[in-house]
>>> print(open('model.cif').read())   # mmCIF, C-alpha atoms and all ligand atoms
data_work
loop_
_atom_site.label_atom_id
_atom_site.label_comp_id
_atom_site.auth_asym_id
_atom_site.auth_seq_id
_atom_site.Cartn_x
_atom_site.Cartn_y
_atom_site.Cartn_z
CA MET A 4 27.08 5.99 9.06
CA SER A 5 24.16 6.78 6.77
CA LEU A 6 23.41 3.94 4.41
CA GLY A 7 21.38 3.23 1.29
CA LEU A 8 19.64 -0.14 1.06
CA TYR A 9 19.07 -1.80 -2.30
CA ILE A 10 16.68 -4.77 -2.32
CA HIS A 11 16.65 -6.90 -5.48
CA ILE A 12 13.52 -8.74 -6.61
CA PRO A 13 14.73 -10.82 -9.57
CA PHE A 14 11.40 -11.77 -11.11
CA CYS A 15 9.52 -10.59 -14.19
CA ARG A 16 6.41 -11.75 -15.99
CA ARG A 17 8.20 -11.82 -19.33
CA LYS A 18 11.72 -11.04 -20.47
CA CYS A 19 11.91 -7.86 -22.55
CA PHE A 20 13.93 -8.34 -25.74
CA TYR A 21 16.63 -5.80 -24.78
CA CYS A 22 17.04 -6.80 -21.13
CA ASP A 23 20.27 -8.12 -19.64
CA PHE A 24 19.33 -7.39 -16.02
CA PRO A 25 19.35 -10.27 -13.53
CA SER A 26 15.64 -11.07 -13.76
CA TYR A 27 13.91 -14.38 -14.36
CA THR A 28 10.53 -15.56 -15.56
CA GLY A 29 8.58 -18.69 -14.63
CA LEU A 30 9.78 -18.78 -11.00
CA GLU A 31 6.44 -17.97 -9.36
CA HIS A 32 6.78 -21.12 -7.24
CA LEU A 33 9.86 -19.57 -5.57
CA TYR A 34 8.38 -16.19 -4.62
CA SER A 35 7.56 -17.09 -1.00
CA ALA A 36 10.81 -18.95 -0.38
CA TYR A 37 12.76 -16.09 -1.94
CA VAL A 38 11.11 -13.50 0.30
CA ALA A 39 11.72 -15.68 3.36
CA ALA A 40 15.43 -15.90 2.46
CA LEU A 41 15.57 -12.18 1.70
CA CYS A 42 14.03 -11.33 5.08
CA ARG A 43 16.61 -13.53 6.76
CA GLU A 44 19.47 -11.82 4.91
CA ILE A 45 18.00 -8.44 5.89
CA ALA A 46 17.89 -9.52 9.55
CA ASP A 47 21.45 -10.91 9.43
CA GLN A 48 22.89 -7.76 7.86
CA GLY A 49 20.91 -5.49 10.17
CA GLY A 50 22.64 -7.21 13.08
CA ILE A 51 26.08 -6.69 11.51
CA LEU A 52 25.45 -3.03 10.60
CA SER A 53 23.57 -2.09 13.76
CA GLY A 54 25.15 1.38 13.93
CA ALA A 55 23.99 2.41 10.45
CA VAL A 56 21.10 4.78 9.80
CA VAL A 57 19.30 3.93 6.57
CA ASP A 58 18.10 7.04 4.76
CA THR A 59 17.25 5.55 1.35
CA VAL A 60 15.67 2.22 0.38
CA PHE A 61 15.32 1.16 -3.23
CA ILE A 62 13.34 -1.99 -4.05
CA GLY A 63 14.31 -2.78 -7.63
CA GLY A 64 14.34 -5.60 -10.08
CA GLY A 65 13.20 -7.29 -12.08
CA THR A 66 9.69 -6.22 -11.33
CA PRO A 67 9.14 -6.06 -7.56
CA THR A 68 5.40 -5.65 -8.01
CA VAL A 69 5.01 -9.16 -9.44
CA LEU A 70 5.13 -10.15 -5.76
CA SER A 71 1.93 -9.83 -3.75
CA GLY A 72 1.37 -6.79 -1.54
CA LYS A 73 1.64 -9.14 1.43
CA LEU A 74 5.12 -10.35 0.45
CA LEU A 75 6.31 -6.80 -0.23
CA ALA A 76 4.93 -5.74 3.16
CA ALA A 77 6.91 -8.58 4.76
CA VAL A 78 10.09 -7.24 3.14
CA MET A 79 9.39 -3.73 4.44
CA ASP A 80 8.61 -5.08 7.94
CA SER A 81 11.94 -6.92 7.98
CA ILE A 82 13.79 -3.77 6.97
CA ARG A 83 12.15 -1.77 9.76
CA GLN A 84 12.91 -4.47 12.32
CA ALA A 85 16.53 -4.90 11.26
CA PHE A 86 17.62 -1.31 10.57
CA LYS A 87 17.18 2.12 12.04
CA LEU A 88 15.43 4.24 9.40
CA ALA A 89 15.82 8.03 9.28
CA ASP A 90 12.58 10.03 9.61
CA ASN A 91 12.64 11.24 6.02
CA THR A 92 13.84 8.02 4.40
CA GLU A 93 13.25 7.91 0.66
CA ILE A 94 11.65 4.51 -0.06
CA SER A 95 11.37 3.73 -3.78
CA ILE A 96 9.92 0.77 -5.58
CA GLU A 97 10.10 -0.14 -9.24
CA ALA A 98 6.92 -1.27 -10.96
CA ASN A 99 5.73 -2.10 -14.42
CA PRO A 100 2.37 -0.87 -15.68
CA GLY A 101 -0.21 -3.57 -15.17
CA THR A 102 1.48 -5.14 -12.12
CA ALA A 103 0.22 -2.88 -9.33
CA ASP A 104 -3.52 -2.61 -8.64
CA ARG A 105 -5.12 -0.17 -6.22
CA SER A 106 -5.05 -2.52 -3.26
CA MET A 107 -1.32 -3.17 -3.72
CA LEU A 108 -0.65 0.56 -4.09
CA ASP A 109 -2.54 1.20 -0.84
CA GLN A 110 -0.50 -1.50 0.89
CA LEU A 111 2.74 0.02 -0.38
CA ARG A 112 1.70 3.44 0.93
CA GLN A 113 0.88 1.90 4.31
CA CYS A 114 4.36 0.32 4.39
CA GLY A 115 5.91 3.75 3.94
CA VAL A 116 6.87 3.50 0.27
CA ASN A 117 6.95 7.11 -0.92
CA ARG A 118 8.41 6.96 -4.42
CA MET A 119 7.45 4.83 -7.43
CA SER A 120 9.44 4.26 -10.58
CA PHE A 121 7.51 2.94 -13.56
CA GLY A 122 9.27 1.21 -16.45
CA VAL A 123 7.31 2.78 -19.30
CA GLN A 124 10.01 3.18 -21.99
CA SER A 125 7.65 4.65 -24.60
CA PHE A 126 4.05 5.75 -25.07
CA SER A 127 3.91 4.22 -28.57
CA ASP A 128 2.20 0.83 -28.78
CA PRO A 129 4.20 -0.42 -31.81
CA VAL A 130 7.47 0.55 -30.09
CA LEU A 131 6.38 -1.19 -26.85
CA ALA A 132 5.50 -4.33 -28.81
CA ALA A 133 8.91 -4.25 -30.52
CA LEU A 134 10.57 -4.10 -27.08
CA GLY A 135 8.59 -7.09 -25.81
CA ARG A 136 7.00 -5.03 -23.04
CA ILE A 137 3.97 -6.53 -21.29
CA HIS A 138 1.93 -3.32 -21.33
CA THR A 139 0.39 -0.83 -23.74
CA ALA A 140 0.75 2.94 -23.66
CA GLY A 141 -2.81 3.24 -22.33
CA GLU A 142 -2.02 0.86 -19.46
CA ALA A 143 1.04 2.95 -18.61
CA VAL A 144 -1.10 6.08 -18.38
CA GLN A 145 -3.63 4.24 -16.19
CA ALA A 146 -0.87 2.93 -13.91
CA VAL A 147 0.54 6.41 -13.32
CA GLU A 148 -2.90 7.91 -12.67
CA LEU A 149 -3.79 5.06 -10.31
CA ALA A 150 -0.58 5.60 -8.34
CA GLN A 151 -1.34 9.32 -8.10
CA LYS A 152 -4.86 8.57 -6.85
CA ALA A 153 -3.35 6.27 -4.22
CA GLY A 154 -1.29 9.23 -2.97
CA PHE A 155 2.05 8.73 -4.72
CA GLU A 156 3.29 12.15 -5.70
CA ASN A 157 6.98 11.34 -6.23
CA LEU A 158 6.87 9.35 -9.47
CA ASN A 159 9.58 8.48 -11.96
CA LEU A 160 9.13 7.17 -15.46
CA ASP A 161 11.88 5.33 -17.33
CA LEU A 162 11.87 6.22 -21.03
CA MET A 163 14.11 5.09 -23.87
CA TYR A 164 15.24 6.37 -27.25
CA GLY A 165 17.12 4.85 -30.17
CA LEU A 166 14.58 2.02 -30.27
CA PRO A 167 13.60 -0.22 -33.19
CA ASP A 168 11.01 1.45 -35.41
CA GLN A 169 10.92 4.51 -33.14
CA SER A 170 10.58 7.88 -34.87
CA LEU A 171 11.54 11.30 -33.59
CA HIS A 172 7.84 12.04 -33.50
CA ASP A 173 7.23 9.00 -31.20
CA LEU A 174 9.92 10.24 -28.86
CA HIS A 175 8.49 13.77 -28.71
CA ASP A 176 5.03 12.29 -28.03
CA SER A 177 6.41 10.19 -25.16
CA LEU A 178 8.16 13.16 -23.57
CA ALA A 179 5.01 15.27 -23.93
CA MET A 180 2.88 12.53 -22.33
CA ALA A 181 5.31 12.24 -19.41
CA TYR A 182 4.95 15.99 -18.93
CA ARG A 183 1.15 15.83 -19.04
CA LEU A 184 1.15 13.09 -16.43
CA ASN A 185 2.90 15.52 -14.09
CA VAL A 186 5.56 13.10 -12.89
CA ARG A 187 8.48 14.46 -10.90
CA HIS A 188 11.40 12.56 -12.40
CA LEU A 189 12.41 11.06 -15.74
CA SER A 190 15.21 8.62 -16.49
CA VAL A 191 15.87 8.64 -20.23
CA TYR A 192 18.22 6.04 -21.65
CA GLY A 193 19.52 5.34 -25.12
CA LEU A 194 19.17 1.70 -26.14
CA LYS A 195 22.33 -0.39 -26.00
CA VAL A 196 22.10 -3.83 -27.56
CA GLU A 197 23.63 -6.11 -24.95
CA GLU A 198 25.06 -9.54 -25.62
CA GLY A 199 22.83 -12.48 -24.87
CA THR A 200 19.58 -10.53 -25.30
CA GLY A 201 16.81 -11.11 -27.83
CA PHE A 202 17.88 -7.92 -29.58
CA ALA A 203 21.47 -9.15 -29.92
CA TYR A 204 20.11 -12.29 -31.58
CA LEU A 205 17.99 -10.25 -34.00
CA ALA A 206 20.86 -7.83 -34.70
CA ASN A 207 23.16 -10.74 -35.58
CA GLN A 208 20.59 -11.89 -38.09
CA GLY A 209 20.22 -8.38 -39.52
CA ARG A 210 16.61 -8.20 -38.35
CA LEU A 211 16.80 -5.32 -35.88
CA ASN A 212 15.67 -2.07 -37.44
CA LEU A 213 17.51 0.49 -35.31
CA PRO A 214 17.66 4.24 -36.03
CA ASP A 215 20.79 5.22 -37.96
CA ASP A 216 23.46 7.35 -36.27
CA GLU A 217 21.97 10.59 -37.54
CA LEU A 218 18.50 9.82 -36.17
CA ASP A 219 19.97 8.48 -32.93
CA ASP A 220 21.87 11.74 -32.50
CA ALA A 221 18.74 13.77 -33.30
CA MET A 222 16.88 11.83 -30.60
CA TYR A 223 19.58 12.54 -28.02
CA GLU A 224 19.47 16.24 -28.89
CA ALA A 225 15.66 16.21 -28.76
CA VAL A 226 15.78 14.87 -25.19
CA MET A 227 18.35 17.46 -24.12
CA ASP A 228 16.39 20.25 -25.76
CA SER A 229 12.99 19.18 -24.42
CA MET A 230 13.79 18.47 -20.78
CA PRO A 231 14.40 22.04 -19.57
CA LYS A 232 11.40 23.26 -21.57
CA LEU A 233 9.25 20.66 -19.79
CA GLY A 234 10.58 21.73 -16.39
CA PHE A 235 13.04 18.88 -15.77
CA ALA A 236 16.62 19.74 -14.84
CA ARG A 237 19.33 17.29 -15.77
CA TYR A 238 21.32 16.17 -12.74
CA GLU A 239 23.00 13.07 -14.13
CA ILE A 240 23.80 11.91 -17.66
CA SER A 241 20.44 10.12 -18.04
CA ASN A 242 18.39 11.55 -15.16
CA PHE A 243 16.17 14.62 -14.97
CA ALA A 244 14.07 15.95 -12.11
CA ARG A 245 11.76 18.73 -11.09
CA PRO A 246 13.25 20.85 -8.29
CA GLY A 247 13.63 18.82 -5.08
CA TYR A 248 12.92 15.44 -6.70
CA GLN A 249 16.37 14.07 -7.52
CA CYS A 250 16.58 10.39 -6.57
CA ARG A 251 18.56 10.43 -3.33
CA HIS A 252 19.27 6.72 -3.50
CA ASN A 253 20.81 6.80 -6.95
CA LEU A 254 22.86 9.87 -6.00
CA LYS A 255 24.60 7.67 -3.43
CA TYR A 256 25.99 5.50 -6.24
CA TRP A 257 27.49 8.48 -8.02
CA GLN A 258 28.67 10.28 -4.90
CA TYR A 259 30.70 7.36 -3.56
CA GLN A 260 28.38 6.85 -0.58
CA PRO A 261 27.92 3.44 1.06
CA TYR A 262 25.04 1.17 0.09
CA LEU A 263 24.09 -2.37 1.01
CA GLY A 264 22.54 -4.62 -1.63
CA LEU A 265 20.39 -7.53 -0.46
CA GLY A 266 18.83 -10.31 -2.51
CA ALA A 267 20.05 -12.37 -5.45
CA ALA A 268 22.53 -10.51 -7.70
CA ALA A 269 22.55 -7.44 -5.44
CA HIS A 270 25.77 -5.40 -5.17
CA SER A 271 27.12 -3.52 -2.15
CA PHE A 272 29.71 -0.82 -1.55
CA ILE A 273 30.79 -0.44 2.05
CA ASP A 274 34.11 0.82 3.48
CA GLY A 275 35.59 0.94 -0.02
CA GLN A 276 34.82 -2.74 -0.59
CA ARG A 277 32.55 -3.98 -3.38
CA ARG A 278 30.52 -7.17 -2.90
CA ALA A 279 28.08 -9.10 -5.07
CA ASN A 280 25.54 -11.76 -4.18
CA VAL A 281 24.98 -14.91 -6.19
CA SER A 282 22.59 -14.36 -9.13
CA ASP A 283 20.91 -17.75 -9.24
CA VAL A 284 17.68 -17.59 -7.25
CA GLN A 285 17.64 -21.17 -5.95
CA THR A 286 21.32 -20.98 -4.93
CA TYR A 287 20.58 -17.71 -3.14
CA ILE A 288 17.67 -19.28 -1.23
CA ASP A 289 19.71 -22.36 -0.33
CA SER A 290 22.71 -20.32 0.87
CA VAL A 291 20.78 -17.95 3.07
CA SER A 292 18.49 -20.69 4.42
CA SER A 293 21.49 -22.74 5.51
CA GLY A 294 23.08 -19.77 7.26
CA GLN A 295 25.74 -19.16 4.60
CA PRO A 296 26.35 -15.66 3.21
CA PRO A 297 25.17 -15.55 -0.44
CA VAL A 298 28.19 -13.43 -1.39
CA VAL A 299 30.16 -14.65 -4.42
CA LEU A 300 32.43 -11.67 -5.01
CA ILE A 301 34.40 -9.48 -2.63
CA GLU A 302 36.68 -6.89 -4.16
CA GLN A 303 38.87 -4.30 -2.50
CA PRO A 304 39.82 -2.14 -5.48
CA ASP A 305 43.43 -0.99 -5.43
CA ARG A 306 44.01 2.71 -4.82
CA GLN A 307 44.30 3.68 -8.48
CA THR A 308 41.14 1.82 -9.44
CA ALA A 309 39.26 3.37 -6.53
CA MET A 310 40.37 6.87 -7.60
CA ALA A 311 39.25 6.26 -11.18
CA GLU A 312 35.89 4.91 -9.98
CA PHE A 313 35.41 7.94 -7.77
CA CYS A 314 36.06 10.23 -10.74
CA PHE A 315 33.89 8.66 -13.36
CA LEU A 316 30.97 8.07 -11.01
CA ALA A 317 31.02 11.69 -9.80
CA LEU A 318 31.51 13.05 -13.31
CA ARG A 319 28.22 11.44 -14.34
CA THR A 320 26.48 14.11 -12.27
CA VAL A 321 25.95 17.67 -13.43
CA GLN A 322 27.54 18.87 -10.21
CA GLY A 323 30.68 16.92 -11.06
CA LEU A 324 33.37 15.74 -8.70
CA SER A 325 34.39 17.59 -5.59
CA VAL A 326 38.12 18.10 -5.32
CA SER A 327 37.86 18.39 -1.53
CA GLN A 328 35.88 15.12 -1.27
CA PHE A 329 38.59 13.44 -3.36
CA GLN A 330 41.21 14.78 -0.95
CA HIS A 331 39.14 13.53 2.00
CA CYS A 332 38.70 10.03 0.51
CA PHE A 333 42.23 9.47 -0.77
CA SER A 334 44.37 11.87 1.32
CA CYS A 335 45.94 13.32 -1.78
CA ASP A 336 45.47 16.30 -4.05
CA PHE A 337 43.22 15.59 -7.05
CA PHE A 338 45.33 17.71 -9.40
CA SER A 339 48.57 16.03 -8.39
CA VAL A 340 47.06 12.89 -9.95
CA TYR A 341 44.84 14.18 -12.75
CA GLN A 342 46.17 17.61 -13.86
CA PHE A 343 47.34 16.22 -17.20
CA ALA A 344 44.03 14.47 -17.96
CA VAL A 345 41.98 17.49 -16.88
CA ASP A 346 44.05 19.91 -19.01
CA ARG A 347 43.58 17.70 -22.06
CA LEU A 348 39.82 17.42 -21.49
CA VAL A 349 39.49 21.17 -20.90
CA ARG A 350 41.25 21.81 -24.23
CA LYS A 351 38.77 19.46 -25.92
CA GLY A 352 35.86 21.34 -24.36
CA ALA A 353 34.69 18.24 -22.45
CA VAL A 354 35.40 19.39 -18.88
CA ILE A 355 35.38 22.61 -16.89
CA VAL A 356 36.94 23.42 -13.53
CA ALA A 357 34.86 25.70 -11.32
CA GLY A 358 35.86 26.30 -7.70
CA ASP A 359 35.87 22.96 -5.86
CA ASN A 360 34.25 21.12 -8.76
CA VAL A 361 35.42 19.48 -11.94
CA ARG A 362 32.50 18.75 -14.19
CA LEU A 363 31.55 17.69 -17.67
CA THR A 364 30.32 20.18 -20.24
CA ALA A 365 27.30 19.32 -22.40
CA LEU A 366 29.78 17.89 -24.92
CA GLY A 367 31.51 15.87 -22.21
CA MET A 368 28.15 14.47 -21.06
CA LYS A 369 27.36 13.35 -24.59
CA PHE A 370 30.63 11.46 -24.94
CA GLY A 371 30.93 10.44 -21.29
CA ASN A 372 32.57 7.06 -21.82
CA GLN A 373 35.44 8.57 -23.82
CA VAL A 374 35.97 11.16 -21.08
CA PHE A 375 35.91 8.57 -18.30
CA SER A 376 38.66 6.55 -19.95
CA GLU A 377 41.02 9.51 -19.37
CA PHE A 378 40.74 8.88 -15.63
CA LEU A 379 42.03 5.33 -15.78
CA LEU A 380 45.55 5.36 -14.36
S1 LIG A 401 10.64 -5.53 -16.96
FE1 LIG A 401 12.69 -4.66 -16.68
S2 LIG A 401 13.86 -6.21 -15.58
FE2 LIG A 401 12.01 -7.21 -16.38
S3 LIG A 401 12.64 -8.09 -18.33
FE3 LIG A 401 11.80 -6.06 -18.79
S4 LIG A 401 13.57 -4.66 -18.73
FE4 LIG A 401 14.19 -6.59 -17.75
#
>>> encode(input="model.cif", output="structure tokens", more="lines below")
Ligand code: SF4
Amino acid sequence: MSLGLYIHIPFCRRKCFYCDFPSYTGLEHLYSAYVAALCREIADQGGILSGAVVDTVFIGGGTPTVLSGKLLAAVMDSIRQAFKLADNTEISIEANPGTADRSMLDQLRQCGVNRMSFGVQSFSDPVLAALGRIHTAGEAVQAVELAQKAGFENLNLDLMYGLPDQSLHDLHDSLAMAYRLNVRHLSVYGLKVEEGTGFAYLANQGRLNLPDDELDDAMYEAVMDSMPKLGFARYEISNFARPGYQCRHNLKYWQYQPYLGLGAAAHSFIDGQRRANVSDVQTYIDSVSSGQPPVVLIEQPDRQTAMAEFCFLALRTVQGLSVSQFQHCFSCDFFSVYQFAVDRLVRKGAVIVAGDNVRLTALGMKFGNQVFSEFLL
């Protein structure tokens, strides 16, 4: 079995105002104990999944690079000791500008990390300040150039649109800067105000100055229009890559491939079963250190739920879902289950059927969530 490994580092220097990810600030005193527990969980799971060949590793967060290079190297050493890695394993790490200096970048290269993903979000300083980011636009440029000097060629930038006080001009500038920096991959997300975040608090008080629907729509269209002109092909609703630089790890999520999540709040999908680890960092450390699995959720989705998940994950990709893969996974004909839904979506211009694939049109991609609901049985 080929397997993706996701390693969660749940620490950040400061909480961004829009963030609802499982990441915590002020826990520097737990970094070493957390990594020790993580290495133990890696070793335990490597023993259980000894037949697996890992071909993607994604160290995400949080901000993994708040840890020292030495601690990150210890994590990579544990992975190599516990799992068999394929020769061409994609090994990604997330970083924020200002958290990875040259010596850490060199250490990451030595550990075999071959892809970096920078959370940049925007190249406008006022927009970054409104998001509560810890870095300026200039620091983001420096971080990318430093990574390139250290030998990282496969770089992703996360960018956002629909942000407070962001103009269409700001967005165009950010896309143009990403192009000039010659990165290989862009993830471009529209802001969603999530409950419990600083932005939700401000929105409830009427103090969040978001673009109106018309401007938000213009920003979406600007991204879609600009990407091909800048040489990035869309391969998933929010992800764009130069040829040969699609993120192989993230493709596993959408293509219903198995992955193992390790660390606090990490999720796994193996043999059709979904599992989640405890989010609280101290509880995670205590569980693993005492030999207990840190798993708090095990779900075996029923057949109908699994089919729906398969469909809306695959439909996120430009390639769409493979009818033959559906048949292989569920031993039944896709159209015997979904003919009615597909016909309706084809009539609406949201879906097309081409050979073995059912995929979203540009319109379907724009209104993905409404399309996905048609696949709930
Ligand atoms: S850096 Fe990322 S994970 Fe950390 S608070 Fe900001 S958005 Fe959340």
>>> residues_near_ligand(input="model.cif", ligand="ligand LIG 401 (chain A)", cutoff="12 Å", atoms="only C-alpha atoms and all ligand atoms", output="PyMOL selection string")
chain A and resi 11-29+63-69+97-102+120-124+131-132+134-138+161-163+194+197+200-201
>>> atom_distance(input="model.cif", atom1="CA of Lys152 (chain A)", atom2="CA of Val116 (chain A)")
14.6 Å
>>> residues_around(input="model.cif", residues="Ala103 (chain A)", least_positions_apart="5", cutoff="12 Å", atoms="only C-alpha atoms", output="PyMOL selection string")
chain A and resi 66-72+75+96-98+108-111+119-121+142-143+145-150+153
>>> closest_residue(input="model.cif", among="A:Ser190, A:Gln303, A:Gln276, A:Asn360", to="Gln322 (chain A)", atoms="all atoms listed in the file")
A:Asn360
>>> atom_distance(input="model.cif", atom1="CA of Glu31 (chain A)", atom2="CA of Ile45 (chain A)")
21.4 Å
>>> closest_residue(input="model.cif", among="A:Val321, A:Val354, A:Val78, A:Cys332", to="Ala236 (chain A)", atoms="only C-alpha atoms")
A:Val321
>>> residues_around(input="model.cif", residues="region 338-345 of chain A", least_positions_apart="3", cutoff="9 Å", atoms="all atoms listed in the file", output="PDB file with C-alpha atoms, in the coordinates of the input")
ATOM      1  CA  VAL A 326      38.120  18.100  -5.320  1.00  0.00           C
ATOM      2  CA  CYS A 335      45.940  13.320  -1.780  1.00  0.00           C
ATOM      3  CA  LEU A 348      39.820  17.420 -21.490  1.00  0.00           C
ATOM      4  CA  VAL A 349      39.490  21.170 -20.900  1.00  0.00           C
ATOM      5  CA  ARG A 350      41.250  21.810 -24.230  1.00  0.00           C
ATOM      6  CA  VAL A 354      35.400  19.390 -18.880  1.00  0.00           C
ATOM      7  CA  ILE A 355      35.380  22.610 -16.890  1.00  0.00           C
ATOM      8  CA  VAL A 356      36.940  23.420 -13.530  1.00  0.00           C
ATOM      9  CA  VAL A 361      35.420  19.480 -11.940  1.00  0.00           C
ATOM     10  CA  GLU A 377      41.020   9.510 -19.370  1.00  0.00           C
ATOM     11  CA  PHE A 378      40.740   8.880 -15.630  1.00  0.00           C
ATOM     12  CA  LEU A 380      45.550   5.360 -14.360  1.00  0.00           C
TER      13      LEU A 380
END
>>> closest_residue(input="model.cif", among="A:Ser127, A:Ser241, A:Ser35, A:Asn185", to="Ile288 (chain A)", atoms="all atoms listed in the file")
A:Ser35
>>> closest_residue(input="model.cif", among="A:Asp336, A:Ala140, A:Met4, A:Cys42", to="Gly266 (chain A)", atoms="only C-alpha atoms")
A:Cys42
>>> atom_distance(input="model.cif", atom1="CA of Tyr34 (chain A)", atom2="CA of Gln113 (chain A)")
21.5 Å
>>> closest_residue(input="model.cif", among="A:Gly199, A:Pro261, A:Gly54, A:Gly165", to="Val130 (chain A)", atoms="all atoms listed in the file")
A:Gly165
>>> closest_residue(input="model.cif", among="A:Ala357, A:Val56, A:Val38, A:Leu211", to="Ala133 (chain A)", atoms="only C-alpha atoms")
A:Leu211
>>> residues_around(input="model.cif", residues="Phe86 (chain A)", least_positions_apart="2", cutoff="9 Å", atoms="all atoms listed in the file", output="PDB file with C-alpha atoms, in the frame of the given file")
ATOM      1  CA  ILE A  45      18.000  -8.440   5.890  1.00  0.00           C
ATOM      2  CA  ALA A  46      17.890  -9.520   9.550  1.00  0.00           C
ATOM      3  CA  GLN A  48      22.890  -7.760   7.860  1.00  0.00           C
ATOM      4  CA  GLY A  49      20.910  -5.490  10.170  1.00  0.00           C
ATOM      5  CA  GLY A  50      22.640  -7.210  13.080  1.00  0.00           C
ATOM      6  CA  LEU A  52      25.450  -3.030  10.600  1.00  0.00           C
ATOM      7  CA  SER A  53      23.570  -2.090  13.760  1.00  0.00           C
ATOM      8  CA  GLY A  54      25.150   1.380  13.930  1.00  0.00           C
ATOM      9  CA  ALA A  55      23.990   2.410  10.450  1.00  0.00           C
ATOM     10  CA  VAL A  56      21.100   4.780   9.800  1.00  0.00           C
ATOM     11  CA  VAL A  57      19.300   3.930   6.570  1.00  0.00           C
ATOM     12  CA  SER A  81      11.940  -6.920   7.980  1.00  0.00           C
ATOM     13  CA  ILE A  82      13.790  -3.770   6.970  1.00  0.00           C
ATOM     14  CA  ARG A  83      12.150  -1.770   9.760  1.00  0.00           C
ATOM     15  CA  GLN A  84      12.910  -4.470  12.320  1.00  0.00           C
ATOM     16  CA  LEU A  88      15.430   4.240   9.400  1.00  0.00           C
TER      17      LEU A  88
END
>>> residues_around(input="model.cif", residues="Glu302 (chain A)", least_positions_apart="2", cutoff="7 Å", atoms="all atoms listed in the file", output="list in words")
Gln276, Arg277, Arg278, Leu300 and Pro304 of chain A
